[in-house]
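Quick notes on the structure that follows.
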Amino acid sequence: MRITKFLAATALGSVISVAPAIAQGVQDDEVVNDNIIIVTASKRESTLQETPIAVSVTSAAQIEEAQVRDLLDLQTLVPSLRVNQLQTSANTNFSIRGFGNGANNPGIEPSVGVFIDGVYRSRSAAQIGDLPNLQRVEVLRGPQSTLFGKNASAGIISIVTRKPQFEFGGSAELSYGNFNAIVAKADITGPINDSLAFSLSGNFNKRDGYVRDLALNEDANERNRWGVRGQLLFEPDDDLSFRFIGDYDKIDEDCCSVVNIVDGPTGGAVRFLGGQIDSNNPFSRISFLNFNSTNEIENYGVSLQTDYSTGPFDITAITAYRAVRSSGNQDSDFTSADLIGVNRGEQAIDTYTAELRLTSDFDGPLNFLLGGLYFKEDIQTNGSLLFGADFQGYADLLSGGNYTGLGPTLRALIPTIPAGAFGAEGQGRFTSYDYGNTAFSIFGQLDFEITEDLIFTAGGNYTQDRKNVAQNNVSTDVFSGIDLVQAGVLAGVPAVVAADPNFNPFLGLQALQFIPPYLNFPNAVEDGRTRDKDFSYTLRLAYNFSENISAYASYSTGFKASSFNLGTDSRPFPADFIPGSPFQSPPPAASPIRDAGLAVNNLSIGTRFADPENAEVYEVGIKGQFEGLAFNIAVFDQILTDFQGNIFTGTGFVLGNADERSTFGIEIDSTITPVPNLVFTAALTYLDSKYDSFPGGSAINAGFGVTPTDLSGGQVAGVPEYAVTVGGTYTHEFGNDNELIFHADYLMESNTQVAEGLPTIRRAVEALNASLTFAMGNGVSVTAWGRNLTNDVYTTTVFPSVAQGGSLSGYRNQPRTYGGAVKFKF
């Protein structure tokens with residue numbers, strides 16, 4: 001059935017290829033002529049027409065015309081790309097063709113690799129800084145592991161900034177918008193001598209929050225970030241160049257506000273304590289907190305790229321060091337009651353990469369690319385989640401006074417229970433992880449011209465990946481460490497029914513055992529290590545029907561290494577532990593952890609890490625480039641086995657592998673230029689994304705908790721079936737090189753389920769953006785712009801409310817923004 005569907009859509013693509021379909025934008029300084037676009041998607045320069053890969057290219061001119069304010073806005077120009085900001089400013093999740101993961105949990109590596117000037121950015125906190133002086137953004141769709149390594153199983157985003165120039169120039173831009181939004185950018189470049197050039201750029205992005213906290217009388221969801229970037233380009237001769245880049249950016253923001261989607265049975269207890277909730281309002285811009293959220297991120301690094309040409313060979317070496325330092329605190333109960341007093345996290349990430357590759361440029365029919373990549377990363381995380389001053393009273397309300405009232409009774413039954421009040425302010429959990437990852441890849445690609453117009457490509461990548469993780473987590477929540485089955489037995493409940501809440505009254509309090517003791521690793525059973533290796537490859541035929549039309553057919557595989565759950569939901573695998581109380585009858589069956597004497601009270605099972613995911617994609621594509629018309633069509637069937645799925649629980653993540661997840665899709669994008677000054681763009685993405693087999697999945701249940709759920713055969717939540725973008729740019733020329741430029745673009749995403757297990761909570765997107773620019777011949781331009789002009793409102797993410805059983809929380813999108821900008825280019 002899958003092959004039949006794939007072939008039928010391929011035939012459809014060949015029929016509609018003569019109709020208007022998108023081109024991908026024109027690079028302002030990389031244009032050979034008005035219709036030729038140069039890209040580096042295959043790690044060598046080629047035109048977009050000659051690149052037999054599904055790739056979208058967004059130029060600096062397009063980004064400026066669309067007034068893309070940050071990477072979150074990029075998805076309005078590339079419909080196969082989705083970008084979500086979640087819990088913190090450091091957490092931006094990218095997905096391509098519906099595939100993508102990675103989260104605020106630093107151990108979950110992304111499926112979409114992000115590269116900036118050829119340097120891999122391994123975590124989202126290192127990817128989201130506002131980059132000045134952009135040249136283009138390339139989005140490569142489908143597995144790209146053959147050339148880009150272990151974390152490109154869904155695709156890559158390659159961001160290219162402009163090199164230093166040997167001619168003085170620069171620009172300065174200042175923008176002001178609603179919510180007191182101020183964006184400032186400046187850059188300058190020029191020669192130091194005949195062989196050495198420099199560039200220096202900086203950016204500043206500040207905006208008031210668009211959510212009003214009525215309890216604190218302050219705004220939240222603000223922007224407050226800045227950065228600087230310096231480059232040196234040394235070209236001693238025509239065959240040798242060195243490009244050195246150093247950058248630093250900082251984020252210090254109050255983010256990210258949560259809305260209440262369902263106010264469950266605990267809402268009454270919150271209000272009894274004096275807390276407030278903007279109840280059952282998923283599109284709210286009002287919040288009630290008892291302290292501000294904080295997000296402080298420092299992201300910096302250096303890189304050196306060396307390019308050397310000798311005869312028919314080009315040699316490229318890129319070495320880099322990246323560092324991320326982040327810290328934050330959040331009122332995670334998202335009410336003005338002081339239930340969660342602290343939810344603080346700190347991360348330190350150090351990443352070292354080195355890449356070397358050799359590329360041939362023979363006159364004959366055979367050419368190759370050969371390279372290697374070394375990757376080393378160290379991560380240290382520390383966190384704490386502590387009860388606030390109202391938690392004890394809140395737990396007493398939910399339990400009818402039994403939470404603290406049973407203290408003397410339980411201590412009399414179990415004298416080993418530590419002294420101290422249950423749920424006292426400051427009790428909670430303290431987490432610490434030490435993570436080390438070393439990997440290397442050897443990759444190569446061979447292009448063979450069977451005929452002048454028919455090219456066969458074969459490529460491969462061998463990767464080894466090693467991870468070592470140590471956990472040191474501590475729970476000081478006394479009540480969560482009590483074995484309530486044991487208490488029932490000691491109180492006279494027969495052991496054969498002590499695990500049954502119908503007979504053991506103490507078990508009714510299990511829902512209040514939020515933070516049970518941890519079993520840390522490495523230990524005698526769990527070594528905290530993964531060792532992965534893989535060979536990924538690509539086979540492709542590309543044919544040029546003429547200088548205007550080309551086509552390709554390919555089969556590719558991809559690989560993503562194991563991901564560790566560096567969060568509070570890290571639990572032993574079922575193969576290592578069988579949960580239960582040793583006081584029940586019969587007692588839990590033997591398991592390695594229990595046999596080793598490592599079991600702790602109330603230990604549950606889950607995962608420590610997710611196994612590697614493997615991707616494969618069958619794809620055919622057609623590309624056309626004519627005067628006034630360009631189009632690209634891709635039809636694909638993409639399958640990921642052992643897909644690393646994770647679901648947000650409010651304070652952590654449940655991580656696991658789907659046996660198989662697949663997406664059948666069609667992508668059509670086109671550019672039409674009916675007259676020289678008018679450009680229309682249109683793009684359509686169709687995705688049929690489903691879990692072919694996921695019996696060990698997790699979903700939000702009817703009681704709004706996260707439970708194991710067989711997701712096999714179901715559609716994947718959060719992946720719209722259809723996404724459409726249309727746009728147009730009209731340029732009216734005046735005398736003295738003056739221009740009036742009008743641009744508008746529109747994004748539509750079909751109605752889709754937001755989260756697994758919640759079919760009634762859905763999202764549909766309709767966003768209209770526009771800008772009007774008057775550009776003068778003296779380099780000055782004035783722009784009026786607006787984004788989400790229709791003020792479309794939708795929910796981006798849903799999760800169970802923290803410590804509030806039966807309630808749901810979520811995040812909403814940004815509201816309408818608008819403003820004006822002045823730019824001077826010289």
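Just so we're on the same page: first chain in the structure tokens is A, next is B, and so on; residues restart at 1 for each chain, and ligands are numbered from 1 in the order they show up.
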
message = Based on the backbone DSSP call, show me all residues of region 118-289 of chain A assigned alpha helix (DSSP H), as number ranges by chain.
response = A: 145-148, 267-272

Please save all heavy atoms of the selected residues as a PDB file, in the first residue's frame.
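Listed below is the output, again29.pdb:
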ATOM      1  N   SER A 145      22.269  12.428   7.308  1.00  0.00           N
ATOM      2  CA  SER A 145      23.359  11.877   8.101  1.00  0.00           C
ATOM      3  C   SER A 145      24.586  11.544   7.264  1.00  0.00           C
ATOM      4  O   SER A 145      25.705  11.496   7.790  1.00  0.00           O
ATOM      5  CB  SER A 145      22.884  10.615   8.840  1.00  0.00           C
ATOM      6  OG  SER A 145      21.844  10.920   9.739  1.00  0.00           O
ATOM      7  N   THR A 146      24.415  11.296   5.968  1.00  0.00           N
ATOM      8  CA  THR A 146      25.552  10.912   5.141  1.00  0.00           C
ATOM      9  C   THR A 146      26.652  11.968   5.181  1.00  0.00           C
ATOM     10  O   THR A 146      27.833  11.650   5.296  1.00  0.00           O
ATOM     11  CB  THR A 146      25.106  10.672   3.695  1.00  0.00           C
ATOM     12  OG1 THR A 146      24.144   9.617   3.680  1.00  0.00           O
ATOM     13  CG2 THR A 146      26.282  10.274   2.817  1.00  0.00           C
ATOM     14  N   LEU A 147      26.285  13.241   5.109  1.00  0.00           N
ATOM     15  CA  LEU A 147      27.275  14.301   5.115  1.00  0.00           C
ATOM     16  C   LEU A 147      27.344  15.064   6.433  1.00  0.00           C
ATOM     17  O   LEU A 147      28.340  15.727   6.709  1.00  0.00           O
ATOM     18  CB  LEU A 147      27.006  15.290   3.978  1.00  0.00           C
ATOM     19  CG  LEU A 147      27.180  14.753   2.550  1.00  0.00           C
ATOM     20  CD1 LEU A 147      26.873  15.840   1.537  1.00  0.00           C
ATOM     21  CD2 LEU A 147      28.584  14.202   2.329  1.00  0.00           C
ATOM     22  N   PHE A 148      26.287  14.973   7.256  1.00  0.00           N
ATOM     23  CA  PHE A 148      26.229  15.832   8.435  1.00  0.00           C
ATOM     24  C   PHE A 148      26.238  15.082   9.762  1.00  0.00           C
ATOM     25  O   PHE A 148      26.134  15.701  10.809  1.00  0.00           O
ATOM     26  CB  PHE A 148      24.998  16.740   8.357  1.00  0.00           C
ATOM     27  CG  PHE A 148      25.105  17.789   7.294  1.00  0.00           C
ATOM     28  CD1 PHE A 148      24.607  17.554   6.025  1.00  0.00           C
ATOM     29  CD2 PHE A 148      25.726  19.002   7.546  1.00  0.00           C
ATOM     30  CE1 PHE A 148      24.706  18.509   5.026  1.00  0.00           C
ATOM     31  CE2 PHE A 148      25.828  19.968   6.557  1.00  0.00           C
ATOM     32  CZ  PHE A 148      25.316  19.720   5.294  1.00  0.00           C
ATOM     33  N   GLY A 267      -8.475  23.284  41.490  1.00  0.00           N
ATOM     34  CA  GLY A 267      -8.564  24.737  41.418  1.00  0.00           C
ATOM     35  C   GLY A 267      -9.216  25.349  42.646  1.00  0.00           C
ATOM     36  O   GLY A 267      -8.828  26.437  43.096  1.00  0.00           O
ATOM     37  N   GLY A 268     -10.202  24.665  43.210  1.00  0.00           N
ATOM     38  CA  GLY A 268     -10.863  25.177  44.414  1.00  0.00           C
ATOM     39  C   GLY A 268      -9.898  25.290  45.578  1.00  0.00           C
ATOM     40  O   GLY A 268      -9.958  26.257  46.357  1.00  0.00           O
ATOM     41  N   ALA A 269      -9.003  24.320  45.718  1.00  0.00           N
ATOM     42  CA  ALA A 269      -8.020  24.363  46.805  1.00  0.00           C
ATOM     43  C   ALA A 269      -7.050  25.519  46.608  1.00  0.00           C
ATOM     44  O   ALA A 269      -6.663  26.192  47.571  1.00  0.00           O
ATOM     45  CB  ALA A 269      -7.264  23.032  46.872  1.00  0.00           C
ATOM     46  N   VAL A 270      -6.657  25.763  45.359  1.00  0.00           N
ATOM     47  CA  VAL A 270      -5.758  26.888  45.075  1.00  0.00           C
ATOM     48  C   VAL A 270      -6.420  28.195  45.477  1.00  0.00           C
ATOM     49  O   VAL A 270      -5.815  29.059  46.141  1.00  0.00           O
ATOM     50  CB  VAL A 270      -5.373  26.900  43.580  1.00  0.00           C
ATOM     51  CG1 VAL A 270      -4.626  28.183  43.245  1.00  0.00           C
ATOM     52  CG2 VAL A 270      -4.531  25.683  43.237  1.00  0.00           C
ATOM     53  N   ARG A 271      -7.686  28.369  45.122  1.00  0.00           N
ATOM     54  CA  ARG A 271      -8.379  29.613  45.440  1.00  0.00           C
ATOM     55  C   ARG A 271      -8.658  29.749  46.941  1.00  0.00           C
ATOM     56  O   ARG A 271      -8.655  30.862  47.487  1.00  0.00           O
ATOM     57  CB  ARG A 271      -9.677  29.684  44.625  1.00  0.00           C
ATOM     58  CG  ARG A 271      -9.425  30.083  43.160  1.00  0.00           C
ATOM     59  CD  ARG A 271     -10.719  30.205  42.386  1.00  0.00           C
ATOM     60  NE  ARG A 271     -11.235  28.886  42.010  1.00  0.00           N
ATOM     61  CZ  ARG A 271     -10.883  28.240  40.905  1.00  0.00           C
ATOM     62  NH1 ARG A 271     -10.011  28.782  40.066  1.00  0.00           N
ATOM     63  NH2 ARG A 271     -11.382  27.057  40.623  1.00  0.00           N
ATOM     64  N   PHE A 272      -8.906  28.628  47.619  1.00  0.00           N
ATOM     65  CA  PHE A 272      -9.127  28.676  49.068  1.00  0.00           C
ATOM     66  C   PHE A 272      -7.898  29.236  49.780  1.00  0.00           C
ATOM     67  O   PHE A 272      -8.021  29.919  50.807  1.00  0.00           O
ATOM     68  CB  PHE A 272      -9.460  27.281  49.588  1.00  0.00           C
ATOM     69  CG  PHE A 272      -9.799  27.244  51.052  1.00  0.00           C
ATOM     70  CD1 PHE A 272     -11.106  27.488  51.469  1.00  0.00           C
ATOM     71  CD2 PHE A 272      -8.827  26.980  52.009  1.00  0.00           C
ATOM     72  CE1 PHE A 272     -11.429  27.457  52.827  1.00  0.00           C
ATOM     73  CE2 PHE A 272      -9.144  26.960  53.358  1.00  0.00           C
ATOM     74  CZ  PHE A 272     -10.444  27.194  53.761  1.00  0.00           C
TER      75      PHE A 272
END

query = What is the distance between CA of Leu397 (chain A) and CA of Ser284 (chain A), in Å to one decimal?
reply =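 For CA of Leu397 (chain A) relative to CA of Ser284 (chain A), the distance reads 27.7 Å.
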
message = Residues near region 315-322 of chain A, anyone? I mean within 6 Å using only C-alpha atoms, not counting same-chain ones fewer than 2 positions away, as a VMD selection string.
response = chain A and resid 300 to 308 350 to 358

message = Which residue is closest to Arg121 (chain A)? Choose from A:Tyr818, A:Phe375, A:Phe234, A:Phe288 and count only C-alpha atoms.
response =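 The shortest atom-to-atom distance to Arg121 (chain A) comes from A:Phe375.
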
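Counting from CA of Thr310 (chain A), the distance to CA of Gln165 (chain A) is 23.4 Å.
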
Pull the closest atom pair for each residue of region 97-196 of chain A that gets at most 12 Å from region 775-785 of chain A, along with the distance in Å to one decimal, counting only C-alpha atoms, ordering rows by chain and then ascending residue number, as a Markdown table.
| residue | atom | partner | partner_atom | distance |
| --- | --- | --- | --- | --- |
| A:Gly169 | CA | A:Gly779 | CA | 11.0 |
| A:Gly170 | CA | A:Gly779 | CA | 10.3 |
| A:Ser171 | CA | A:Gly779 | CA | 8.8 |
| A:Ala172 | CA | A:Val780 | CA | 9.6 |
| A:Glu173 | CA | A:Ser781 | CA | 9.3 |
| A:Leu174 | CA | A:Val782 | CA | 9.9 |
| A:Ser175 | CA | A:Thr783 | CA | 8.7 |
| A:Tyr176 | CA | A:Ala784 | CA | 9.7 |
| A:Gly177 | CA | A:Trp785 | CA | 8.8 |
| A:Asn178 | CA | A:Trp785 | CA | 10.9 |

query = Expressed in Å to a single decimal, how great is the separation between CA of Tyr248 (chain A) and CA of Lys185 (chain A)?
reply =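 Interatomic distance, CA of Tyr248 (chain A) to CA of Lys185 (chain A): 14.6 Å.
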
ask   = region 278-452 of chain A: which residues are strand (DSSP E or B) by DSSP, as a VMD selection string?
value = chain A and resid 286 to 287 294 to 310 313 to 329 340 to 360 366 to 387 428 to 449

task = Would you mind listing what lies within 8 Å of Gln445 (chain A) as a PyMOL selection string, with only C-alpha atoms counted and same-chain residues fewer than 2 positions away left out?
result = chain A and resi 368-370+443+447+457-460

Dump as a PDB file, in the first residue's frame, selection limited to all heavy atoms:
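New file part-v4.pdb:
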ATOM      1  N   PHE A 368      34.612  13.136  -6.128  1.00  0.00           N
ATOM      2  CA  PHE A 368      34.337  12.598  -4.806  1.00  0.00           C
ATOM      3  C   PHE A 368      34.471  13.677  -3.740  1.00  0.00           C
ATOM      4  O   PHE A 368      35.065  14.750  -3.958  1.00  0.00           O
ATOM      5  CB  PHE A 368      35.294  11.437  -4.490  1.00  0.00           C
ATOM      6  CG  PHE A 368      36.729  11.868  -4.306  1.00  0.00           C
ATOM      7  CD1 PHE A 368      37.195  12.292  -3.059  1.00  0.00           C
ATOM      8  CD2 PHE A 368      37.616  11.850  -5.369  1.00  0.00           C
ATOM      9  CE1 PHE A 368      38.516  12.686  -2.888  1.00  0.00           C
ATOM     10  CE2 PHE A 368      38.945  12.243  -5.211  1.00  0.00           C
ATOM     11  CZ  PHE A 368      39.383  12.662  -3.963  1.00  0.00           C
ATOM     12  N   LEU A 369      33.936  13.351  -2.565  1.00  0.00           N
ATOM     13  CA  LEU A 369      34.108  14.132  -1.339  1.00  0.00           C
ATOM     14  C   LEU A 369      34.423  13.135  -0.233  1.00  0.00           C
ATOM     15  O   LEU A 369      33.745  12.112  -0.097  1.00  0.00           O
ATOM     16  CB  LEU A 369      32.843  14.918  -1.020  1.00  0.00           C
ATOM     17  CG  LEU A 369      32.847  15.829   0.222  1.00  0.00           C
ATOM     18  CD1 LEU A 369      31.851  16.976   0.017  1.00  0.00           C
ATOM     19  CD2 LEU A 369      32.483  15.081   1.499  1.00  0.00           C
ATOM     20  N   LEU A 370      35.445  13.419   0.558  1.00  0.00           N
ATOM     21  CA  LEU A 370      35.863  12.539   1.639  1.00  0.00           C
ATOM     22  C   LEU A 370      36.163  13.387   2.860  1.00  0.00           C
ATOM     23  O   LEU A 370      36.822  14.437   2.757  1.00  0.00           O
ATOM     24  CB  LEU A 370      37.104  11.736   1.236  1.00  0.00           C
ATOM     25  CG  LEU A 370      37.634  10.710   2.241  1.00  0.00           C
ATOM     26  CD1 LEU A 370      36.624   9.598   2.447  1.00  0.00           C
ATOM     27  CD2 LEU A 370      38.965  10.134   1.766  1.00  0.00           C
ATOM     28  N   PHE A 443      33.076  10.093   6.501  1.00  0.00           N
ATOM     29  CA  PHE A 443      32.039  10.144   5.483  1.00  0.00           C
ATOM     30  C   PHE A 443      32.652  10.379   4.102  1.00  0.00           C
ATOM     31  O   PHE A 443      33.776  10.885   3.965  1.00  0.00           O
ATOM     32  CB  PHE A 443      31.010  11.235   5.799  1.00  0.00           C
ATOM     33  CG  PHE A 443      31.580  12.630   5.925  1.00  0.00           C
ATOM     34  CD1 PHE A 443      31.705  13.470   4.824  1.00  0.00           C
ATOM     35  CD2 PHE A 443      31.969  13.121   7.169  1.00  0.00           C
ATOM     36  CE1 PHE A 443      32.211  14.754   4.954  1.00  0.00           C
ATOM     37  CE2 PHE A 443      32.489  14.398   7.305  1.00  0.00           C
ATOM     38  CZ  PHE A 443      32.611  15.219   6.198  1.00  0.00           C
ATOM     39  N   ASP A 447      30.364  10.905  -6.991  1.00  0.00           N
ATOM     40  CA  ASP A 447      29.478  11.291  -8.088  1.00  0.00           C
ATOM     41  C   ASP A 447      30.058  10.760  -9.397  1.00  0.00           C
ATOM     42  O   ASP A 447      31.211  11.067  -9.739  1.00  0.00           O
ATOM     43  CB  ASP A 447      29.333  12.809  -8.170  1.00  0.00           C
ATOM     44  CG  ASP A 447      28.671  13.405  -6.937  1.00  0.00           C
ATOM     45  OD1 ASP A 447      27.700  12.808  -6.465  1.00  0.00           O
ATOM     46  OD2 ASP A 447      29.125  14.460  -6.458  1.00  0.00           O
ATOM     47  N   THR A 457      24.987   9.020  -7.686  1.00  0.00           N
ATOM     48  CA  THR A 457      25.671   9.424  -6.458  1.00  0.00           C
ATOM     49  C   THR A 457      25.528   8.331  -5.418  1.00  0.00           C
ATOM     50  O   THR A 457      24.429   7.804  -5.203  1.00  0.00           O
ATOM     51  CB  THR A 457      25.089  10.735  -5.915  1.00  0.00           C
ATOM     52  OG1 THR A 457      25.295  11.780  -6.873  1.00  0.00           O
ATOM     53  CG2 THR A 457      25.755  11.123  -4.606  1.00  0.00           C
ATOM     54  N   ALA A 458      26.635   7.991  -4.787  1.00  0.00           N
ATOM     55  CA  ALA A 458      26.637   7.058  -3.653  1.00  0.00           C
ATOM     56  C   ALA A 458      27.463   7.679  -2.539  1.00  0.00           C
ATOM     57  O   ALA A 458      28.569   8.174  -2.774  1.00  0.00           O
ATOM     58  CB  ALA A 458      27.203   5.708  -4.058  1.00  0.00           C
ATOM     59  N   GLY A 459      26.904   7.682  -1.331  1.00  0.00           N
ATOM     60  CA  GLY A 459      27.619   8.253  -0.197  1.00  0.00           C
ATOM     61  C   GLY A 459      27.408   7.428   1.048  1.00  0.00           C
ATOM     62  O   GLY A 459      26.409   6.705   1.175  1.00  0.00           O
ATOM     63  N   GLY A 460      28.335   7.518   1.973  1.00  0.00           N
ATOM     64  CA  GLY A 460      28.223   6.767   3.215  1.00  0.00           C
ATOM     65  C   GLY A 460      28.857   7.506   4.368  1.00  0.00           C
ATOM     66  O   GLY A 460      29.727   8.363   4.189  1.00  0.00           O
TER      67      GLY A 460
END

task = Would you kindly return, as number ranges by chain, each protein, DNA or RNA residue with an atom no farther than 12 Å from any atom of Arg540 (chain A), considering only C-alpha atoms and excluding same-chain residues fewer than 2 positions away?
result = A: 51-53, 445-449, 454-460, 537-538, 542-543, 551-557, 617-621

Export, as a PDB file, in the first residue's frame, the selected residues with C-alpha atoms.
ATOM      1  CA  THR A  51      21.362  20.304  -6.172  1.00  0.00           C
ATOM      2  CA  PRO A  52      19.390  17.029  -6.162  1.00  0.00           C
ATOM      3  CA  ILE A  53      18.152  17.476  -2.592  1.00  0.00           C
ATOM      4  CA  GLN A 445      30.387  10.714  -1.436  1.00  0.00           C
ATOM      5  CA  LEU A 446      31.067   9.661  -5.015  1.00  0.00           C
ATOM      6  CA  ASP A 447      29.478  11.291  -8.088  1.00  0.00           C
ATOM      7  CA  PHE A 448      29.704   9.400 -11.366  1.00  0.00           C
ATOM      8  CA  GLU A 449      28.509  10.871 -14.677  1.00  0.00           C
ATOM      9  CA  LEU A 454      22.743  11.363 -15.893  1.00  0.00           C
ATOM     10  CA  ILE A 455      24.647  11.328 -12.587  1.00  0.00           C
ATOM     11  CA  PHE A 456      24.779   8.505 -10.053  1.00  0.00           C
ATOM     12  CA  THR A 457      25.671   9.424  -6.458  1.00  0.00           C
ATOM     13  CA  ALA A 458      26.637   7.058  -3.653  1.00  0.00           C
ATOM     14  CA  GLY A 459      27.619   8.253  -0.197  1.00  0.00           C
ATOM     15  CA  GLY A 460      28.223   6.767   3.215  1.00  0.00           C
ATOM     16  CA  TYR A 537      24.226   5.948   3.215  1.00  0.00           C
ATOM     17  CA  THR A 538      22.638   7.653   0.220  1.00  0.00           C
ATOM     18  CA  ALA A 542      19.879  12.714 -11.025  1.00  0.00           C
ATOM     19  CA  TYR A 543      18.980  13.526 -14.598  1.00  0.00           C
ATOM     20  CA  ALA A 551      14.860  15.338 -11.679  1.00  0.00           C
ATOM     21  CA  TYR A 552      16.227  12.979  -9.070  1.00  0.00           C
ATOM     22  CA  ALA A 553      15.322   9.767  -7.287  1.00  0.00           C
ATOM     23  CA  SER A 554      17.037   8.828  -4.042  1.00  0.00           C
ATOM     24  CA  TYR A 555      17.121   6.451  -1.139  1.00  0.00           C
ATOM     25  CA  SER A 556      18.780   7.676   2.054  1.00  0.00           C
ATOM     26  CA  THR A 557      19.223   6.471   5.594  1.00  0.00           C
ATOM     27  CA  VAL A 617      13.466   7.939   2.986  1.00  0.00           C
ATOM     28  CA  TYR A 618      12.416   7.156  -0.563  1.00  0.00           C
ATOM     29  CA  GLU A 619      12.182  10.382  -2.512  1.00  0.00           C
ATOM     30  CA  VAL A 620      11.720  11.670  -6.054  1.00  0.00           C
ATOM     31  CA  GLY A 621      11.932  15.290  -7.042  1.00  0.00           C
TER      32      GLY A 621
END

request  = Check the smallest atom-to-atom distance from each of A:Pro164, A:Pro676, A:Gly311, A:Gly806 to Ile245 (chain A) using only C-alpha atoms, then report the winner.
outcome  = A:Pro164
